[in-house]
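Peer 1: What follows is query.txt, made up of compact mmCIF, C-alpha atoms and all ligand atoms:
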# COMPACT_ATOMS: atom_id res chain seq x y z
CA MET A 585 18.32 20.55 -4.00
CA SER A 586 18.60 22.27 -7.37
CA ARG A 587 17.54 18.99 -8.99
CA ILE A 588 14.23 19.18 -7.11
CA ILE A 589 13.63 22.91 -7.68
CA LYS A 590 14.40 22.49 -11.37
CA GLY A 591 11.88 19.66 -11.43
CA ILE A 592 9.18 21.95 -10.03
CA PHE A 593 9.92 24.62 -12.62
CA ASN A 594 9.77 21.98 -15.35
CA PHE A 595 6.44 20.69 -13.98
CA GLN A 596 4.97 24.20 -13.92
CA LYS A 597 6.23 25.04 -17.38
CA ASN A 598 5.75 21.78 -19.28
CA VAL A 599 3.36 19.49 -17.41
CA HIS A 600 0.71 21.38 -15.41
CA GLY A 601 -0.62 23.22 -18.46
CA THR A 602 -1.11 19.99 -20.42
CA LYS A 603 -3.46 18.66 -17.73
CA GLU A 604 -5.23 21.89 -16.99
CA GLN A 605 -8.71 20.36 -16.76
CA LEU A 606 -7.54 17.58 -14.46
CA PHE A 607 -6.00 20.03 -12.00
CA LYS A 608 -9.04 22.29 -12.21
CA ASN A 609 -11.30 19.32 -11.37
CA LEU A 610 -9.16 18.49 -8.34
CA GLY A 611 -10.20 21.79 -6.82
CA ALA A 612 -13.72 20.42 -6.43
CA GLY A 613 -12.55 17.67 -4.07
CA GLN A 614 -11.19 14.17 -4.15
CA LYS A 615 -12.69 10.75 -4.64
CA PRO A 616 -9.71 8.43 -4.67
CA LEU A 617 -10.05 4.84 -5.83
CA ALA A 618 -7.93 3.37 -3.10
CA LEU A 619 -5.89 3.90 0.01
CA PHE A 620 -2.42 2.82 -1.04
CA ILE A 621 -0.11 2.01 1.87
CA THR A 622 3.52 1.55 1.03
CA CYS A 623 7.07 2.07 2.27
CA SER A 624 8.83 5.43 2.21
CA ASP A 625 11.56 3.79 0.15
CA SER A 626 12.55 6.15 -2.68
CA ARG A 627 12.56 3.31 -5.19
CA ILE A 628 8.77 3.10 -5.12
CA SER A 629 6.62 5.50 -7.09
CA PRO A 630 2.96 4.54 -6.50
CA ASP A 631 1.63 6.84 -9.21
CA MET A 632 4.09 5.48 -11.76
CA LEU A 633 3.53 1.89 -10.70
CA THR A 634 -0.26 2.09 -10.94
CA GLN A 635 -0.31 4.60 -13.79
CA THR A 636 -2.75 6.73 -11.88
CA GLN A 637 -3.36 10.45 -11.94
CA PRO A 638 -3.49 12.97 -9.11
CA GLY A 639 -6.74 12.41 -7.23
CA GLU A 640 -6.85 8.65 -7.78
CA LEU A 641 -4.73 7.32 -4.91
CA PHE A 642 -4.85 8.31 -1.25
CA ILE A 643 -1.34 7.40 -0.20
CA MET A 644 0.12 6.59 3.19
CA ARG A 645 3.85 5.96 3.44
CA ASN A 646 6.25 5.17 6.23
CA ALA A 647 9.28 3.01 6.89
CA GLY A 648 8.20 -0.59 6.31
CA ASN A 649 4.57 0.12 5.21
CA ILE A 650 3.52 -0.45 8.80
CA VAL A 651 0.09 0.22 10.30
CA SER A 652 -0.02 0.55 14.04
CA PRO A 653 -2.88 -1.57 15.40
CA CYS A 654 -5.95 -0.05 17.03
CA SER A 655 -5.10 1.50 20.40
CA TRP A 656 -6.41 4.47 22.35
CA ASP A 657 -3.15 4.91 24.22
CA HIS A 658 -1.67 7.34 21.73
CA ALA A 659 -2.52 9.25 18.56
CA SER A 660 -1.51 7.43 15.41
CA GLY A 661 -0.96 8.90 11.97
CA GLU A 662 -1.83 5.55 10.42
CA ALA A 663 -5.10 5.29 12.36
CA ALA A 664 -6.11 8.83 11.38
CA THR A 665 -5.24 8.27 7.72
CA LEU A 666 -7.07 4.95 7.61
CA GLU A 667 -10.13 6.41 9.32
CA TYR A 668 -10.26 9.39 6.97
CA ALA A 669 -9.86 7.17 3.91
CA VAL A 670 -12.52 4.64 4.92
CA LYS A 671 -15.09 6.77 6.73
CA GLN A 672 -14.78 10.14 5.02
CA LEU A 673 -13.50 9.40 1.51
CA LYS A 674 -15.19 5.99 1.43
CA VAL A 675 -12.44 4.33 -0.57
CA ARG A 676 -13.43 0.91 -1.85
CA GLU A 677 -9.98 -0.64 -1.72
CA VAL A 678 -7.13 -0.67 0.78
CA ILE A 679 -3.86 -1.88 -0.68
CA ILE A 680 -0.77 -2.59 1.36
CA CYS A 681 2.15 -2.76 -1.00
CA GLY A 682 5.45 -3.96 0.43
CA HIS A 683 8.50 -4.15 -1.74
CA ALA A 684 11.60 -6.18 -2.49
CA LYS A 685 14.78 -5.45 -0.53
CA CYS A 686 12.94 -3.44 2.12
CA GLY A 687 15.43 -1.92 4.55
CA ALA A 688 12.87 -1.79 7.36
CA VAL A 689 12.12 -5.50 7.12
CA HIS A 690 15.84 -6.20 6.87
CA GLY A 691 16.19 -4.22 10.12
CA LEU A 692 13.42 -6.32 11.67
CA LEU A 693 15.48 -9.42 10.94
CA HIS A 694 18.53 -7.82 12.56
CA LEU A 695 17.08 -5.86 15.48
CA ASP A 696 20.35 -6.19 17.38
CA THR A 697 22.04 -3.96 14.77
CA LEU A 698 19.59 -1.09 15.26
CA ASP A 699 20.88 0.40 18.50
CA ALA A 700 21.92 3.57 16.66
CA LEU A 701 18.37 3.86 15.24
CA PRO A 702 16.20 3.60 18.38
CA GLU A 703 13.12 5.15 16.74
CA VAL A 704 13.27 2.66 13.89
CA LYS A 705 13.70 -0.16 16.38
CA ARG A 706 10.67 1.03 18.36
CA TRP A 707 8.59 1.41 15.20
CA LEU A 708 9.37 -2.12 14.08
CA LYS A 709 7.61 -3.55 17.14
CA PHE A 710 4.43 -3.41 15.05
CA SER A 711 6.05 -5.97 12.73
CA GLU A 712 7.51 -8.25 15.37
CA PRO A 713 4.81 -10.97 15.05
CA VAL A 714 6.43 -11.66 11.64
CA LEU A 715 9.42 -13.14 13.47
CA ALA A 716 7.37 -15.71 15.39
CA ALA A 717 7.54 -18.71 13.04
CA LEU A 718 9.97 -17.29 10.52
CA LYS A 719 13.08 -19.16 11.66
CA LYS A 720 11.29 -22.51 11.62
CA ASP A 721 9.56 -21.88 8.29
CA THR A 722 12.67 -20.65 6.48
CA ALA A 723 15.23 -23.16 7.75
CA GLY A 724 17.85 -23.79 5.08
CA MET A 725 16.91 -20.77 2.99
CA SER A 726 19.39 -18.08 1.91
CA PRO A 727 19.29 -14.70 3.70
CA GLU A 728 17.79 -13.19 0.55
CA GLU A 729 14.98 -15.76 0.48
CA VAL A 730 14.31 -15.24 4.19
CA LEU A 731 14.06 -11.48 3.58
CA THR A 732 11.59 -12.05 0.74
CA ILE A 733 9.38 -14.24 2.93
CA ALA A 734 9.61 -11.73 5.80
CA ILE A 735 8.57 -8.90 3.45
CA GLU A 736 5.49 -10.89 2.40
CA ARG A 737 4.61 -11.79 5.97
CA ASN A 738 5.05 -8.20 7.05
CA VAL A 739 2.42 -7.14 4.50
CA LEU A 740 0.05 -9.78 5.89
CA GLN A 741 0.77 -8.70 9.47
CA GLN A 742 -0.01 -5.08 8.61
CA MET A 743 -3.24 -6.20 6.98
CA GLU A 744 -4.16 -7.82 10.30
CA ASN A 745 -3.37 -4.49 11.94
CA VAL A 746 -5.66 -2.73 9.45
CA LYS A 747 -8.42 -5.17 10.38
CA SER A 748 -7.98 -4.37 14.07
CA TYR A 749 -10.02 -1.20 13.43
CA SER A 750 -13.74 -1.77 13.86
CA PHE A 751 -14.69 0.74 11.13
CA VAL A 752 -12.61 -1.34 8.67
CA ARG A 753 -14.30 -4.60 9.67
CA GLU A 754 -17.72 -2.96 9.46
CA ALA A 755 -17.05 -1.58 5.97
CA ILE A 756 -15.88 -5.03 4.83
CA ASP A 757 -19.00 -6.64 6.29
CA ARG A 758 -21.18 -4.14 4.41
CA GLY A 759 -19.39 -5.14 1.20
CA GLU A 760 -18.01 -1.64 0.80
CA LEU A 761 -14.32 -2.33 1.31
CA ARG A 762 -11.81 -4.84 -0.01
CA LEU A 763 -8.27 -5.40 1.21
CA HIS A 764 -5.30 -6.28 -0.98
CA SER A 765 -1.83 -7.45 0.05
CA TRP A 766 0.86 -6.84 -2.56
CA VAL A 767 4.61 -6.95 -2.90
CA TYR A 768 6.32 -4.92 -5.60
CA HIS A 769 9.61 -6.10 -7.09
CA PHE A 770 11.02 -2.92 -8.57
CA GLU A 771 13.85 -4.58 -10.50
CA THR A 772 11.42 -6.56 -12.65
CA GLY A 773 8.26 -4.47 -12.30
CA THR A 774 6.46 -7.56 -10.96
CA VAL A 775 3.65 -7.14 -8.45
CA LEU A 776 2.71 -10.18 -6.40
CA ALA A 777 -0.66 -10.40 -4.67
CA TYR A 778 -1.61 -12.57 -1.72
CA ASP A 779 -4.01 -15.22 -2.90
CA GLN A 780 -6.13 -16.34 0.02
CA THR A 781 -7.25 -19.59 -1.58
CA LYS A 782 -3.67 -20.61 -2.37
CA ASN A 783 -2.33 -19.07 0.85
CA ARG A 784 0.67 -17.58 -0.94
CA PHE A 785 1.74 -14.63 -3.04
CA VAL A 786 1.25 -15.08 -6.76
CA SER A 787 1.52 -12.81 -9.77
CA LEU A 788 -1.20 -10.15 -9.63
CA SER A 789 -2.69 -11.40 -12.90
CA ASP A 790 -2.87 -14.99 -11.56
CA ALA A 791 -4.42 -14.11 -8.20
CA THR A 792 -7.76 -15.75 -7.54
CA LYS A 793 -10.62 -13.32 -7.65
CA PRO A 794 -11.72 -11.25 -5.94
CA GLN A 795 -8.68 -9.13 -6.46
CA PHE A 796 -10.62 -6.00 -7.28
CA SER A 797 -13.88 -7.85 -7.64
CA ALA A 798 -15.65 -4.79 -8.91
CA THR A 799 -19.01 -5.24 -10.55
CA LYS A 800 -19.35 -4.75 -14.28
CA GLU A 801 -21.19 -1.47 -13.65
CA GLU A 802 -18.41 -0.25 -11.40
CA VAL A 803 -15.81 -1.05 -14.03
CA GLU A 804 -17.82 0.69 -16.76
CA THR A 805 -18.37 3.76 -14.60
CA TYR A 806 -14.71 3.76 -13.73
CA ILE A 807 -13.57 3.48 -17.33
CA LYS A 808 -15.93 6.27 -18.37
CA SER A 809 -14.65 8.62 -15.71
CA HIS A 810 -10.95 7.89 -16.11
CA GLN A 811 -8.56 7.39 -18.92
CA GLY A 812 -6.49 4.33 -18.09
CA GLY A 813 -5.81 3.80 -14.42
CA MET A 814 -6.20 0.92 -12.08
CA ASP A 815 -6.73 -2.56 -13.41
CA PHE A 816 -10.07 -3.83 -12.15
CA THR A 817 -10.69 -7.51 -12.66
CA ILE A 818 -14.09 -9.10 -12.77
ZN ZN A 901 10.89 -0.55 2.58
Turn this file's structure into structure tokens for me.

Peer 2:
Amino acid sequence: MSRIIKGIFNFQKNVHGTKEQLFKNLGAGQKPLALFITCSDSRISPDMLTQTQPGELFIMRNAGNIVSPCSWDHASGEAATLEYAVKQLKVREVIICGHAKCGAVHGLLHLDTLDALPEVKRWLKFSEPVLAALKKDTAGMSPEEVLTIAIERNVLQQMENVKSYSFVREAIDRGELRLHSWVYHFETGTVLAYDQTKNRFVSLSDATKPQFSATKEEVETYIKSHQGGMDFTI
């Protein structure tokens, strides 16, 4: 714990003061660029990965970057977070960012080994459609390759779950919301994006537009109001 407390003292002493204006501005409210959904895995640091500042990303994390689909049977933290981001904060982008070597997806592939983790097992039911054609589609592949494919398909499945919410579909139809499916490989720093026209994950820089199909005006406004930050592509 002392490592964490020391970190806070270091932040207060050496970091906060250097960004005084930024933190002061945050007091006026937030207008994040995106809802960033990723795994709780400690190897992912969304702010570091996207080089964004406090106030720029609205972040939702859980084991396996899973979004429970629309249902009125029970309250859902994912539903509430998604609703707040889209309807209240009016984010323009929703990113689901899975990652290499995801323990949750590994668990999904080995559900029979999860008896000691019943909550994890229950949670993974929202990813189970991933298993449907996986065996057939990955015949002959190594376990590592199968895991990689399952991680990608899990991101796509969760995106379907995101789209199960009517307020998401309506915002997309109004042209106010875009969805992005990514996988982060932390060992290389690579981010792959799902390219709908190619129907596969490709390097973020090679993905067919619109990956962040912001208008020129949006990009200019964004650049003016931020230093650095998210890479919009036009
Ligand atoms: Zn994970």

Peer 1: With all atoms listed in the file counted and 9 Å as the cut-off, give the residues of chain A in contact with ligand ZN 901 (chain A), each with its shortest interatomic distance in Å and the pair that gives it, as JSON lines.

Peer 2:
{"residue": "A:Thr622", "atom": "CA", "partner": "A:ZN901", "partner_atom": "ZN", "distance": 7.8}
{"residue": "A:Cys623", "atom": "CA", "partner": "A:ZN901", "partner_atom": "ZN", "distance": 4.6}
{"residue": "A:Ser624", "atom": "CA", "partner": "A:ZN901", "partner_atom": "ZN", "distance": 6.3}
{"residue": "A:Asp625", "atom": "CA", "partner": "A:ZN901", "partner_atom": "ZN", "distance": 5.0}
{"residue": "A:Ser626", "atom": "CA", "partner": "A:ZN901", "partner_atom": "ZN", "distance": 8.7}
{"residue": "A:Arg627", "atom": "CA", "partner": "A:ZN901", "partner_atom": "ZN", "distance": 8.8}
{"residue": "A:Ile628", "atom": "CA", "partner": "A:ZN901", "partner_atom": "ZN", "distance": 8.8}
{"residue": "A:Asn646", "atom": "CA", "partner": "A:ZN901", "partner_atom": "ZN", "distance": 8.2}
{"residue": "A:Ala647", "atom": "CA", "partner": "A:ZN901", "partner_atom": "ZN", "distance": 5.8}
{"residue": "A:Gly648", "atom": "CA", "partner": "A:ZN901", "partner_atom": "ZN", "distance": 4.6}
{"residue": "A:Asn649", "atom": "CA", "partner": "A:ZN901", "partner_atom": "ZN", "distance": 6.9}
{"residue": "A:Gly682", "atom": "CA", "partner": "A:ZN901", "partner_atom": "ZN", "distance": 6.8}
{"residue": "A:His683", "atom": "CA", "partner": "A:ZN901", "partner_atom": "ZN", "distance": 6.1}
{"residue": "A:Ala684", "atom": "CA", "partner": "A:ZN901", "partner_atom": "ZN", "distance": 7.6}
{"residue": "A:Lys685", "atom": "CA", "partner": "A:ZN901", "partner_atom": "ZN", "distance": 7.0}
{"residue": "A:Cys686", "atom": "CA", "partner": "A:ZN901", "partner_atom": "ZN", "distance": 3.6}
{"residue": "A:Gly687", "atom": "CA", "partner": "A:ZN901", "partner_atom": "ZN", "distance": 5.1}
{"residue": "A:Ala688", "atom": "CA", "partner": "A:ZN901", "partner_atom": "ZN", "distance": 5.3}
{"residue": "A:Val689", "atom": "CA", "partner": "A:ZN901", "partner_atom": "ZN", "distance": 6.8}
{"residue": "A:His690", "atom": "CA", "partner": "A:ZN901", "partner_atom": "ZN", "distance": 8.7}
{"residue": "A:Ile735", "atom": "CA", "partner": "A:ZN901", "partner_atom": "ZN", "distance": 8.7}

Peer 1: Using all atoms listed in the file for the distances, tell me which of A:Gln614, A:Ser629, A:Thr602, A:Thr722 is nearest to Leu673 of chain A.

Peer 2: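 Once distances to Leu673 of chain A are computed over all atoms listed in the file, the minimum belongs to A:Gln614.
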
Peer 1: Per residue of segment 761-783 of chain A within 7 Å of segment 675-678 of chain A, note the shortest atom pair and the distance in Å to one decimal, counting only C-alpha atoms, and order the rows by chain and increasing residue number, as a Markdown table.

Peer 2:
| residue | atom | partner | partner_atom | distance |
| --- | --- | --- | --- | --- |
| A:Leu761 | CA | A:Arg676 | CA | 4.6 |
| A:Arg762 | CA | A:Glu677 | CA | 4.9 |
| A:Leu763 | CA | A:Val678 | CA | 4.9 |
| A:His764 | CA | A:Val678 | CA | 6.2 |

Peer 1: Only C-alpha atoms, please: the residues just picked out, written as a PDB file, in the coordinates of the input.

Peer 2:
ATOM      1  CA  LEU A 761     -14.320  -2.330   1.310  1.00  0.00           C
ATOM      2  CA  ARG A 762     -11.810  -4.840  -0.010  1.00  0.00           C
ATOM      3  CA  LEU A 763      -8.270  -5.400   1.210  1.00  0.00           C
ATOM      4  CA  HIS A 764      -5.300  -6.280  -0.980  1.00  0.00           C
TER       5      HIS A 764
END

Peer 1: Go through A:Leu708, A:Ala700, A:Val746, A:Cys681 and flag the residue nearest His769 of chain A, using only C-alpha atoms for the distances.

Peer 2: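 Looking at the shortest contact to His769 of chain A, the residue is A:Cys681.
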
Peer 1: Give the answer as one residue: which of A:Thr665, A:Thr781, A:Gln742, A:Gln672 has the shortest atom-to-atom distance to Leu619 of chain A, using all atoms listed in the file?

Peer 2: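 Nearest to Leu619 of chain A: A:Thr665.
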
Peer 1: Name the closest residue to Leu666 of chain A among the candidates A:Pro702, A:Pro638, A:Gly601, A:Pro653; distances are taken between atoms, counting only C-alpha atoms.

Peer 2: A:Pro653

Peer 1: For atom CA of Asn783 of chain A and atom CA of Ser765 of chain A, quote the distance in Å rounded to one decimal.

Peer 2: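 Taking atom CA of Asn783 of chain A as the start and atom CA of Ser765 of chain A as the end point, the length is 11.7 Å.
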
Peer 1: In terms of the shortest atom-to-atom distance over only C-alpha atoms, which of A:Val670, A:Ile650, A:Ala659, A:Leu617 is closest to Thr636 of chain A?

Peer 2: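 Smallest distance to Thr636 of chain A is found for A:Leu617.
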
Peer 1: Select all residues near (-9.8, 13.2, -10.3) (cut-off 6 Å, inclusive, file coordinates), counting only C-alpha atoms, and output them as a ChimeraX atom specification.

Peer 2: /A:610,639-640

Peer 1: Interatomic distance between atom CA of Gln741 of chain A and atom CA of Phe710 of chain A?

Peer 2: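 So the two atoms, atom CA of Gln741 of chain A and atom CA of Phe710 of chain A, lie 8.5 Å apart.
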
Peer 1: If you measure from atom CA of Lys674 of chain A to atom CA of Met632 of chain A, what distance in Å do you get, rounded to one decimal?

Peer 2: 23.4 Å

Peer 1: Using 6 Å of padding on each side, determine the axis-aligned box around all atoms of segment 673-680 of chain A present in the file and give its centre and edge lengths in Å to one decimal, as JSON.

Peer 2:
{"center_x": -8.0, "center_y": 3.4, "center_z": -0.2, "size_x": 26.4, "size_y": 24.0, "size_z": 15.4}

Peer 1: In the coordinate frame of the file, compute which residues have an atom within 10 Å of (0.4, -12.0, -7.9) when using all atoms listed in the file, and state them as a VMD selection string.

Peer 2: chain A and resid 765 to 768 774 to 779 784 to 792 795

Peer 1: Just write the chosen residues, C-alpha atoms, as a PDB file, in the frame of the given file.

Peer 2:
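Final output, saved to out-v2.pdb:
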ATOM      1  CA  SER A 765      -1.830  -7.450   0.050  1.00  0.00           C
ATOM      2  CA  TRP A 766       0.860  -6.840  -2.560  1.00  0.00           C
ATOM      3  CA  VAL A 767       4.610  -6.950  -2.900  1.00  0.00           C
ATOM      4  CA  TYR A 768       6.320  -4.920  -5.600  1.00  0.00           C
ATOM      5  CA  THR A 774       6.460  -7.560 -10.960  1.00  0.00           C
ATOM      6  CA  VAL A 775       3.650  -7.140  -8.450  1.00  0.00           C
ATOM      7  CA  LEU A 776       2.710 -10.180  -6.400  1.00  0.00           C
ATOM      8  CA  ALA A 777      -0.660 -10.400  -4.670  1.00  0.00           C
ATOM      9  CA  TYR A 778      -1.610 -12.570  -1.720  1.00  0.00           C
ATOM     10  CA  ASP A 779      -4.010 -15.220  -2.900  1.00  0.00           C
ATOM     11  CA  ARG A 784       0.670 -17.580  -0.940  1.00  0.00           C
ATOM     12  CA  PHE A 785       1.740 -14.630  -3.040  1.00  0.00           C
ATOM     13  CA  VAL A 786       1.250 -15.080  -6.760  1.00  0.00           C
ATOM     14  CA  SER A 787       1.520 -12.810  -9.770  1.00  0.00           C
ATOM     15  CA  LEU A 788      -1.200 -10.150  -9.630  1.00  0.00           C
ATOM     16  CA  SER A 789      -2.690 -11.400 -12.900  1.00  0.00           C
ATOM     17  CA  ASP A 790      -2.870 -14.990 -11.560  1.00  0.00           C
ATOM     18  CA  ALA A 791      -4.420 -14.110  -8.200  1.00  0.00           C
ATOM     19  CA  THR A 792      -7.760 -15.750  -7.540  1.00  0.00           C
ATOM     20  CA  GLN A 795      -8.680  -9.130  -6.460  1.00  0.00           C
TER      21      GLN A 795
END

Peer 1: From the list A:Ala664, A:Ser711, A:Leu693, A:Lys615, which residue is nearest Val739 of chain A when using all atoms listed in the file?

Peer 2: A:Ser711

Peer 1: Can you complete the atoms of segment 768-789 of chain A to N, CA, C and O atoms and list them as a CSV table (one decimal), in the frame of the given file?

Peer 2:
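Resulting contents of out.csv:
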chain,number,residue,atom,x,y,z
A,768,TYR,N,5.8,-5.4,-4.3
A,768,TYR,CA,6.3,-4.9,-5.6
A,768,TYR,C,7.8,-5.2,-5.7
A,768,TYR,O,8.6,-4.9,-4.8
A,769,HIS,N,8.2,-5.8,-6.8
A,769,HIS,CA,9.6,-6.1,-7.1
A,769,HIS,C,10.1,-5.1,-8.1
A,769,HIS,O,9.8,-5.2,-9.3
A,770,PHE,N,10.7,-4.0,-7.7
A,770,PHE,CA,11.0,-2.9,-8.6
A,770,PHE,C,12.0,-3.3,-9.7
A,770,PHE,O,12.0,-2.7,-10.7
A,771,GLU,N,12.9,-4.3,-9.5
A,771,GLU,CA,13.8,-4.6,-10.5
A,771,GLU,C,13.2,-5.2,-11.7
A,771,GLU,O,13.7,-5.1,-12.8
A,772,THR,N,12.1,-5.9,-11.5
A,772,THR,CA,11.4,-6.6,-12.6
A,772,THR,C,10.1,-5.9,-13.0
A,772,THR,O,9.5,-6.2,-14.0
A,773,GLY,N,9.6,-5.1,-12.1
A,773,GLY,CA,8.3,-4.5,-12.3
A,773,GLY,C,7.1,-5.4,-11.9
A,773,GLY,O,6.0,-5.1,-12.0
A,774,THR,N,7.5,-6.6,-11.4
A,774,THR,CA,6.5,-7.6,-11.0
A,774,THR,C,5.7,-7.1,-9.7
A,774,THR,O,6.3,-6.6,-8.8
A,775,VAL,N,4.4,-7.3,-9.7
A,775,VAL,CA,3.6,-7.1,-8.4
A,775,VAL,C,3.0,-8.5,-8.1
A,775,VAL,O,2.3,-9.1,-8.9
A,776,LEU,N,3.3,-8.9,-6.9
A,776,LEU,CA,2.7,-10.2,-6.4
A,776,LEU,C,1.5,-9.8,-5.5
A,776,LEU,O,1.6,-8.8,-4.7
A,777,ALA,N,0.5,-10.6,-5.5
A,777,ALA,CA,-0.7,-10.4,-4.7
A,777,ALA,C,-0.9,-11.6,-3.8
A,777,ALA,O,-0.7,-12.8,-4.3
A,778,TYR,N,-1.3,-11.4,-2.6
A,778,TYR,CA,-1.6,-12.6,-1.7
A,778,TYR,C,-2.9,-13.2,-2.2
A,778,TYR,O,-3.9,-12.5,-2.3
A,779,ASP,N,-2.8,-14.5,-2.5
A,779,ASP,CA,-4.0,-15.2,-2.9
A,779,ASP,C,-4.5,-16.1,-1.7
A,779,ASP,O,-3.8,-17.0,-1.3
A,780,GLN,N,-5.6,-15.7,-1.2
A,780,GLN,CA,-6.1,-16.3,0.0
A,780,GLN,C,-6.4,-17.8,-0.2
A,780,GLN,O,-6.1,-18.6,0.7
A,781,THR,N,-6.9,-18.2,-1.4
A,781,THR,CA,-7.2,-19.6,-1.6
A,781,THR,C,-6.0,-20.4,-1.7
A,781,THR,O,-6.0,-21.6,-1.4
A,782,LYS,N,-4.9,-19.9,-2.2
A,782,LYS,CA,-3.7,-20.6,-2.4
A,782,LYS,C,-2.7,-20.4,-1.2
A,782,LYS,O,-1.7,-21.0,-1.1
A,783,ASN,N,-3.1,-19.4,-0.3
A,783,ASN,CA,-2.3,-19.1,0.8
A,783,ASN,C,-0.9,-18.7,0.5
A,783,ASN,O,0.1,-19.2,1.2
A,784,ARG,N,-0.7,-18.0,-0.6
A,784,ARG,CA,0.7,-17.6,-0.9
A,784,ARG,C,0.6,-16.4,-1.9
A,784,ARG,O,-0.5,-16.1,-2.4
A,785,PHE,N,1.7,-15.8,-2.1
A,785,PHE,CA,1.7,-14.6,-3.0
A,785,PHE,C,2.0,-15.2,-4.5
A,785,PHE,O,2.8,-16.0,-4.7
A,786,VAL,N,1.1,-14.7,-5.4
A,786,VAL,CA,1.2,-15.1,-6.8
A,786,VAL,C,1.2,-13.8,-7.6
A,786,VAL,O,0.9,-12.7,-7.1
A,787,SER,N,1.6,-14.0,-8.9
A,787,SER,CA,1.5,-12.8,-9.8
A,787,SER,C,0.1,-12.2,-9.7
A,787,SER,O,-0.9,-12.9,-9.7
A,788,LEU,N,0.1,-10.9,-9.8
A,788,LEU,CA,-1.2,-10.2,-9.6
A,788,LEU,C,-2.2,-10.7,-10.6
A,788,LEU,O,-3.4,-10.8,-10.3
A,789,SER,N,-1.8,-11.0,-11.9
A,789,SER,CA,-2.7,-11.4,-12.9
A,789,SER,C,-3.2,-12.8,-12.6
A,789,SER,O,-4.2,-13.2,-13.2
